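**Q** Pasting a structure below so you can have a look.
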Amino acid sequence: MKAEASGREVWVWVEHYQGKPAPVSLALLGKARVLSQELGAKVAAVLVAGDSEISTPLIAHGADKVYMAAKPVSLFDTEACATAIAEFAQKYTPEIVLWGATSLGRETASRAAAKLGTGLTAHCIDLHIANVQGQKVLVAVVGGWGGNAVLKIVCPEKRPQMATVRPGIFALHPPQKRDGEVIYEEIDIPQSRLDIIEVAEHPTAGSNLEQADVVVAGGWGLSSMGGFAKAEELAGVLGGVAAGTRPALDASWIPAERMIGQSGRTVAPRLLITLGVSGAAQFAAAVTGSKLIVAVDSNPKAPIFEMADIGIVGDLREVLPLLIEKLKDLKKKD
Amino acid sequence: MPCDVLVCVKQVPHPDHLAKVVLGPARGTINREGIPAVINPLDRNALEEALRIRDRLGGRVTTITLGPPQARKALEEALAMGADDAVHLCCPAFAGADTLATARALAYGVRKLSSDLILCGNATVDSGTGQVAGQLAEFLNLPCVTDVDEISFEDGHDLRVRRAWERGYVRIRVKLPAVIAVTDKVNQPRLPTLMGIMAATRKEILTWTDTNTSADPLCVGLKGSPTRVLEIGEFHAKRQGEVLQGPPEEVVAKAVERLWALEAL
């Protein structure tokens, strides 16, 4: 089932909901463009059950081609999705397939990797192309052991080389005016063994922590202030989003989808302000892409100060109200 | 109707000691010396769920692990919690496996046991890929749902689960047999009791190798792993930052000034 001269391709699996592609899929198309240039390859988006209009943002964010399975398939039926992408991959033989490390993306990618008998690297924090033993391969960089180690992983022989990337790792670039080709395929998808009974959304669903320009992250140190209110206030002043660490989640200050850390969300905002966060490795690994990090904590020896651009040592009860006042004044002058 | 449940467990470094896991003297190795090993926390949630299903419906709870000889301790712990049987997939051919080769080896073991339901923890604390459940399901040609935080039975045949995802949750009816991966919200795992520990000493742990399981040695372990670790290093989050100390008014003023100068506000 080899395709005729399809050339080399870097693929992105597109997760979409209610007609809109997930931001992580669009961000990955941008990254795929960078990788494809080094390989002299084309970029393709792959999806099931999309309307034809969905190809417009995919092409605008970097896809040269859009492969679509014509059959309607539920995104929650990861077995069907994996079947579709495996069939596409066997026909068009991509070099690389990238997936958003979302709940469904991870499940679909795992099944697809097993179908294709190829390597899959999880939760990459960076991707690049390198020359290894005379061939250009994908180097997938991952954090390991609670964020204490960094591993570079390759898949030297099997194709496609596959990797999942958490939302928030790669920036979402603005769409561009580009041309692309849409290819519909009839794919034989097995009868689903799952029966979807109910799809329920959080009240906060869609408010995107990963896309936030400014993130305020609160940690256990906020307990001295009796809770999380001031973190929310600071985020409000800066037009940002308040989030927290594992202890903040344990204290029920934040919902689970607002927890930053290796087992939670990854962020890379323009400005990250941490309040009473000590800076454990699990947290560090999830914020390392932030452009500017400001840390406030009372313990001058906290590891957070080593990873911050600006550190403020002080009692949050004193520092935080002053900081909020000062920023409010500045914003008024704007 | 009784339900035989198989629980996949992995032995991992104790989560509280992860920060002490350091790089070994040889390049590309990890030094785990002096770090206590335990059952992966989410695998204990999977085991707890299996024990509760057995208590409600009857059937047997079997645990399976893939790992070096010392991983037997994880199975002893599982037996002490109340599992009926334990299988240790252990031989040199299984060593050095990535997630794909791990799932393949587990699939060889699982095929020898007839189970109605296979439960896994959603991810491990050490590598945390969360990939093995999906890969295992694919090799066994079974349906799979991960990120599951509620499990119940419908008329004894179908399973009804609630899976979390970024936007909320989804309720799904799943045909058995199936592979289900659970989160820590599914239950609160019990601790082994003294009685349980005593009873565990009388239970047998089966050790299976590539020959026992008719595993293709080229498909498991290092040989069956498509991925390779090219390099391993320490994670550096360090920045050449400035730490401000002094009277609160002064340090806050200074910090805001810097942010303003950096056009960050």
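Labels for the structure tokens follow display order: chains A, B, ..., residues from 1 in each chain, ligands from 1.
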Show me, as a PyMOL selection string, the residues of chain A whose atoms get within 7 Å of chain B, using only C-alpha atoms for the distance check.
**A** chain A and resi 103+106-107+110-111+114-115+118-119+122+144-155+157-158+193-202+205-206+271+284+288+305-314+318-319+322-323
**Q** So which residues of segment 98-160 of chain B fall under strand (DSSP E) by DSSP, listed as a list in words?
**A**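 Written out, the strand (DSSP E) residues of segment 98-160 of chain B are Leu117, Ile118, Leu119, Cys120, Gly121, Cys144, Val145, Thr146, Asp147, Val148, Asp149, Glu150, Ile151, Ser152, Phe153, Glu154, Asp158, Leu159 and Arg160 of chain B.
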**Q** Save out the residues we just selected, N, CA and C atoms, as a compact mmCIF listing (two decimals), in the first residue's frame.
**A**
# COMPACT_ATOMS: atom_id res chain seq x y z
N LEU B 117 -11.44 -8.57 33.30
CA LEU B 117 -11.13 -7.14 33.36
C LEU B 117 -9.66 -6.99 33.72
N ILE B 118 -8.98 -6.07 33.03
CA ILE B 118 -7.58 -5.78 33.33
C ILE B 118 -7.49 -4.34 33.80
N LEU B 119 -6.99 -4.16 35.01
CA LEU B 119 -6.87 -2.81 35.58
C LEU B 119 -5.41 -2.39 35.67
N CYS B 120 -5.14 -1.13 35.37
CA CYS B 120 -3.79 -0.57 35.50
C CYS B 120 -3.91 0.78 36.21
N GLY B 121 -2.81 1.23 36.80
CA GLY B 121 -2.73 2.62 37.24
C GLY B 121 -2.56 3.49 36.00
N CYS B 144 -10.22 -0.09 25.51
CA CYS B 144 -9.43 0.50 26.59
C CYS B 144 -9.97 1.89 26.91
N VAL B 145 -10.05 2.19 28.19
CA VAL B 145 -10.36 3.56 28.62
C VAL B 145 -9.36 3.93 29.72
N THR B 146 -8.74 5.11 29.59
CA THR B 146 -7.80 5.57 30.61
C THR B 146 -8.39 6.79 31.33
N ASP B 147 -7.65 7.31 32.30
CA ASP B 147 -8.11 8.46 33.10
C ASP B 147 -9.46 8.20 33.75
N VAL B 148 -9.68 6.97 34.19
CA VAL B 148 -10.98 6.59 34.74
C VAL B 148 -11.02 6.90 36.24
N ASP B 149 -12.06 7.63 36.68
CA ASP B 149 -12.18 7.94 38.10
C ASP B 149 -13.43 7.36 38.75
N GLU B 150 -14.24 6.63 38.00
CA GLU B 150 -15.39 5.90 38.57
C GLU B 150 -15.63 4.63 37.77
N ILE B 151 -15.89 3.53 38.47
CA ILE B 151 -16.18 2.25 37.81
C ILE B 151 -17.42 1.64 38.46
N SER B 152 -18.38 1.20 37.63
CA SER B 152 -19.48 0.42 38.19
C SER B 152 -19.86 -0.66 37.17
N PHE B 153 -20.65 -1.65 37.62
CA PHE B 153 -21.05 -2.73 36.73
C PHE B 153 -22.49 -2.58 36.33
N GLU B 154 -22.78 -2.88 35.08
CA GLU B 154 -24.15 -2.89 34.60
C GLU B 154 -24.54 -4.33 34.32
N ASP B 158 -21.49 -5.59 31.31
CA ASP B 158 -20.81 -4.40 30.82
C ASP B 158 -20.34 -3.56 32.00
N LEU B 159 -19.27 -2.83 31.71
CA LEU B 159 -18.70 -1.95 32.72
C LEU B 159 -19.15 -0.54 32.37
N ARG B 160 -19.41 0.24 33.38
CA ARG B 160 -19.72 1.64 33.13
C ARG B 160 -18.64 2.45 33.83
**Q** For Ala46 of chain B, find every residue with an atom within 9 Å (counting only C-alpha atoms), except residues of its own chain fewer than 4 positions away, and show them as a list in words.
**A** Val7, Cys8, Val9, Leu42, Ala50, Leu51, Leu119, Cys120, Gly121, Asn122, Ile180, Ala181, Val182, Thr183, Asp184, Val186, Asn187 and Pro189 of chain B
**Q** Could you please determine the separation between atom CA of Ala215 of chain B and atom CA of Ala86 of chain B in Å, to one decimal place?
**A**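 Interatomic distance, atom CA of Ala215 of chain B to atom CA of Ala86 of chain B: 18.9 Å.
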**Q** Report the residues of segment 2-97 of chain B whose backbone DSSP state falls under alpha helix (DSSP H), written as a PyMOL selection string.
**A** chain B and resi 41-57+72-81
**Q** Enter the distance from atom CA of Ala80 of chain A to atom CA of Trp99 of chain A, in Å, rounded to one decimal.
**A**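 Answer for the atom CA of Ala80 of chain A to atom CA of Trp99 of chain A separation: 15.9 Å.
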**Q** Would you pick out the contacts of Ala243 of chain A at 8 Å or less, using only C-alpha atoms, so that residues sharing its chain but fewer than 3 positions from it are not included, and give the list as a list in words?
**A** Leu209, Val215, Val216, Ala217, Gly218, Ile254, Arg258, Met259 and Ile260 of chain A
**Q** Any chance you can output those residues with all heavy atoms as a PDB file, in the first residue's frame?
**A**
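So selection_29.pdb came out as:
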ATOM      1  N   LEU A 209      -5.473  27.620  30.318  1.00  0.00           N
ATOM      2  CA  LEU A 209      -4.304  27.953  31.126  1.00  0.00           C
ATOM      3  C   LEU A 209      -3.055  28.019  30.247  1.00  0.00           C
ATOM      4  O   LEU A 209      -2.233  28.898  30.397  1.00  0.00           O
ATOM      5  CB  LEU A 209      -4.159  26.889  32.226  1.00  0.00           C
ATOM      6  CG  LEU A 209      -3.004  27.021  33.201  1.00  0.00           C
ATOM      7  CD1 LEU A 209      -3.076  28.348  33.943  1.00  0.00           C
ATOM      8  CD2 LEU A 209      -3.018  25.877  34.201  1.00  0.00           C
ATOM      9  N   VAL A 215       0.584  34.070  33.995  1.00  0.00           N
ATOM     10  CA  VAL A 215       0.079  33.058  34.925  1.00  0.00           C
ATOM     11  C   VAL A 215       0.584  33.390  36.326  1.00  0.00           C
ATOM     12  O   VAL A 215       1.768  33.693  36.509  1.00  0.00           O
ATOM     13  CB  VAL A 215       0.533  31.636  34.520  1.00  0.00           C
ATOM     14  CG1 VAL A 215       0.140  30.617  35.591  1.00  0.00           C
ATOM     15  CG2 VAL A 215      -0.069  31.245  33.178  1.00  0.00           C
ATOM     16  N   VAL A 216      -0.318  33.374  37.293  1.00  0.00           N
ATOM     17  CA  VAL A 216       0.064  33.525  38.697  1.00  0.00           C
ATOM     18  C   VAL A 216      -0.112  32.157  39.349  1.00  0.00           C
ATOM     19  O   VAL A 216      -1.212  31.603  39.335  1.00  0.00           O
ATOM     20  CB  VAL A 216      -0.811  34.579  39.405  1.00  0.00           C
ATOM     21  CG1 VAL A 216      -0.487  34.633  40.895  1.00  0.00           C
ATOM     22  CG2 VAL A 216      -0.621  35.953  38.759  1.00  0.00           C
ATOM     23  N   ALA A 217       0.978  31.601  39.873  1.00  0.00           N
ATOM     24  CA  ALA A 217       0.914  30.259  40.457  1.00  0.00           C
ATOM     25  C   ALA A 217       1.082  30.344  41.965  1.00  0.00           C
ATOM     26  O   ALA A 217       2.094  30.845  42.458  1.00  0.00           O
ATOM     27  CB  ALA A 217       1.996  29.368  39.859  1.00  0.00           C
ATOM     28  N   GLY A 218       0.082  29.886  42.692  1.00  0.00           N
ATOM     29  CA  GLY A 218       0.136  29.928  44.145  1.00  0.00           C
ATOM     30  C   GLY A 218       0.513  28.580  44.729  1.00  0.00           C
ATOM     31  O   GLY A 218       0.090  27.543  44.217  1.00  0.00           O
ATOM     32  N   ILE A 254      -7.649  25.352  44.213  1.00  0.00           N
ATOM     33  CA  ILE A 254      -7.757  25.353  42.744  1.00  0.00           C
ATOM     34  C   ILE A 254      -8.377  24.030  42.299  1.00  0.00           C
ATOM     35  O   ILE A 254      -8.222  23.021  42.980  1.00  0.00           O
ATOM     36  CB  ILE A 254      -6.364  25.505  42.069  1.00  0.00           C
ATOM     37  CG1 ILE A 254      -5.364  24.467  42.656  1.00  0.00           C
ATOM     38  CG2 ILE A 254      -5.830  26.916  42.200  1.00  0.00           C
ATOM     39  CD1 ILE A 254      -4.143  24.246  41.816  1.00  0.00           C
ATOM     40  N   ARG A 258      -6.278  23.196  37.057  1.00  0.00           N
ATOM     41  CA  ARG A 258      -5.432  24.379  37.239  1.00  0.00           C
ATOM     42  C   ARG A 258      -4.135  24.040  37.972  1.00  0.00           C
ATOM     43  O   ARG A 258      -3.435  24.922  38.429  1.00  0.00           O
ATOM     44  CB  ARG A 258      -6.184  25.445  38.031  1.00  0.00           C
ATOM     45  CG  ARG A 258      -7.267  26.155  37.255  1.00  0.00           C
ATOM     46  CD  ARG A 258      -6.660  27.163  36.297  1.00  0.00           C
ATOM     47  NE  ARG A 258      -7.643  27.616  35.319  1.00  0.00           N
ATOM     48  CZ  ARG A 258      -8.498  28.614  35.541  1.00  0.00           C
ATOM     49  NH1 ARG A 258      -8.457  29.256  36.673  1.00  0.00           N
ATOM     50  NH2 ARG A 258      -9.350  28.976  34.623  1.00  0.00           N
ATOM     51  N   MET A 259      -3.837  22.759  38.119  1.00  0.00           N
ATOM     52  CA  MET A 259      -2.603  22.392  38.815  1.00  0.00           C
ATOM     53  C   MET A 259      -1.432  22.325  37.837  1.00  0.00           C
ATOM     54  O   MET A 259      -1.475  21.598  36.857  1.00  0.00           O
ATOM     55  CB  MET A 259      -2.731  21.051  39.523  1.00  0.00           C
ATOM     56  CG  MET A 259      -1.557  20.836  40.469  1.00  0.00           C
ATOM     57  SD  MET A 259      -1.329  19.109  40.920  1.00  0.00           S
ATOM     58  CE  MET A 259      -0.238  18.558  39.632  1.00  0.00           C
ATOM     59  N   ILE A 260      -0.403  23.088  38.156  1.00  0.00           N
ATOM     60  CA  ILE A 260       0.807  23.079  37.342  1.00  0.00           C
ATOM     61  C   ILE A 260       1.783  22.088  37.957  1.00  0.00           C
ATOM     62  O   ILE A 260       1.998  22.089  39.165  1.00  0.00           O
ATOM     63  CB  ILE A 260       1.443  24.489  37.297  1.00  0.00           C
ATOM     64  CG1 ILE A 260       0.489  25.481  36.636  1.00  0.00           C
ATOM     65  CG2 ILE A 260       2.782  24.453  36.577  1.00  0.00           C
ATOM     66  CD1 ILE A 260       0.958  26.922  36.719  1.00  0.00           C
TER      67      ILE A 260
END
**Q** When you look at Ala212 of chain A with a cut-off of 12 Å (counting only C-alpha atoms), what residues show up, excluding the ones that are within fewer than 2 positions of it in the same chain? I need them as a VMD selection string.
**A** chain A and resid 23 167 to 168 171 to 172 206 to 210 214 to 216 235 238 to 243 258 266 to 272 290
**Q** Of the candidates B:Leu218, B:Val110, B:Val5, B:Val179, which one gets nearest to Leu57 of chain B if we count only C-alpha atoms?
**A** B:Val5
**Q** May I have the residues within 8 Å of Ala302 of chain A as an MDAnalysis selection string, using only C-alpha atoms and disregarding those fewer than 4 positions away in the same chain?
**A** chainID A and resid 278:279 297 306
**Q** Just want the 9 Å neighbourhood of Ile85 of chain A, counted on only C-alpha atoms, with same-chain residues fewer than 6 positions away dropped. Output as number ranges by chain.
**A** A: 13, 46-48, 69, 112
**Q** With only C-alpha atoms as the basis for distance, which of A:Ile59, A:Val66, A:Ala84, A:Ile324 is at the shortest distance from Val237 of chain A?
**A**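 Going through A:Ile59, A:Val66, A:Ala84, A:Ile324 one by one, the smallest distance to Val237 of chain A is for A:Ile324.
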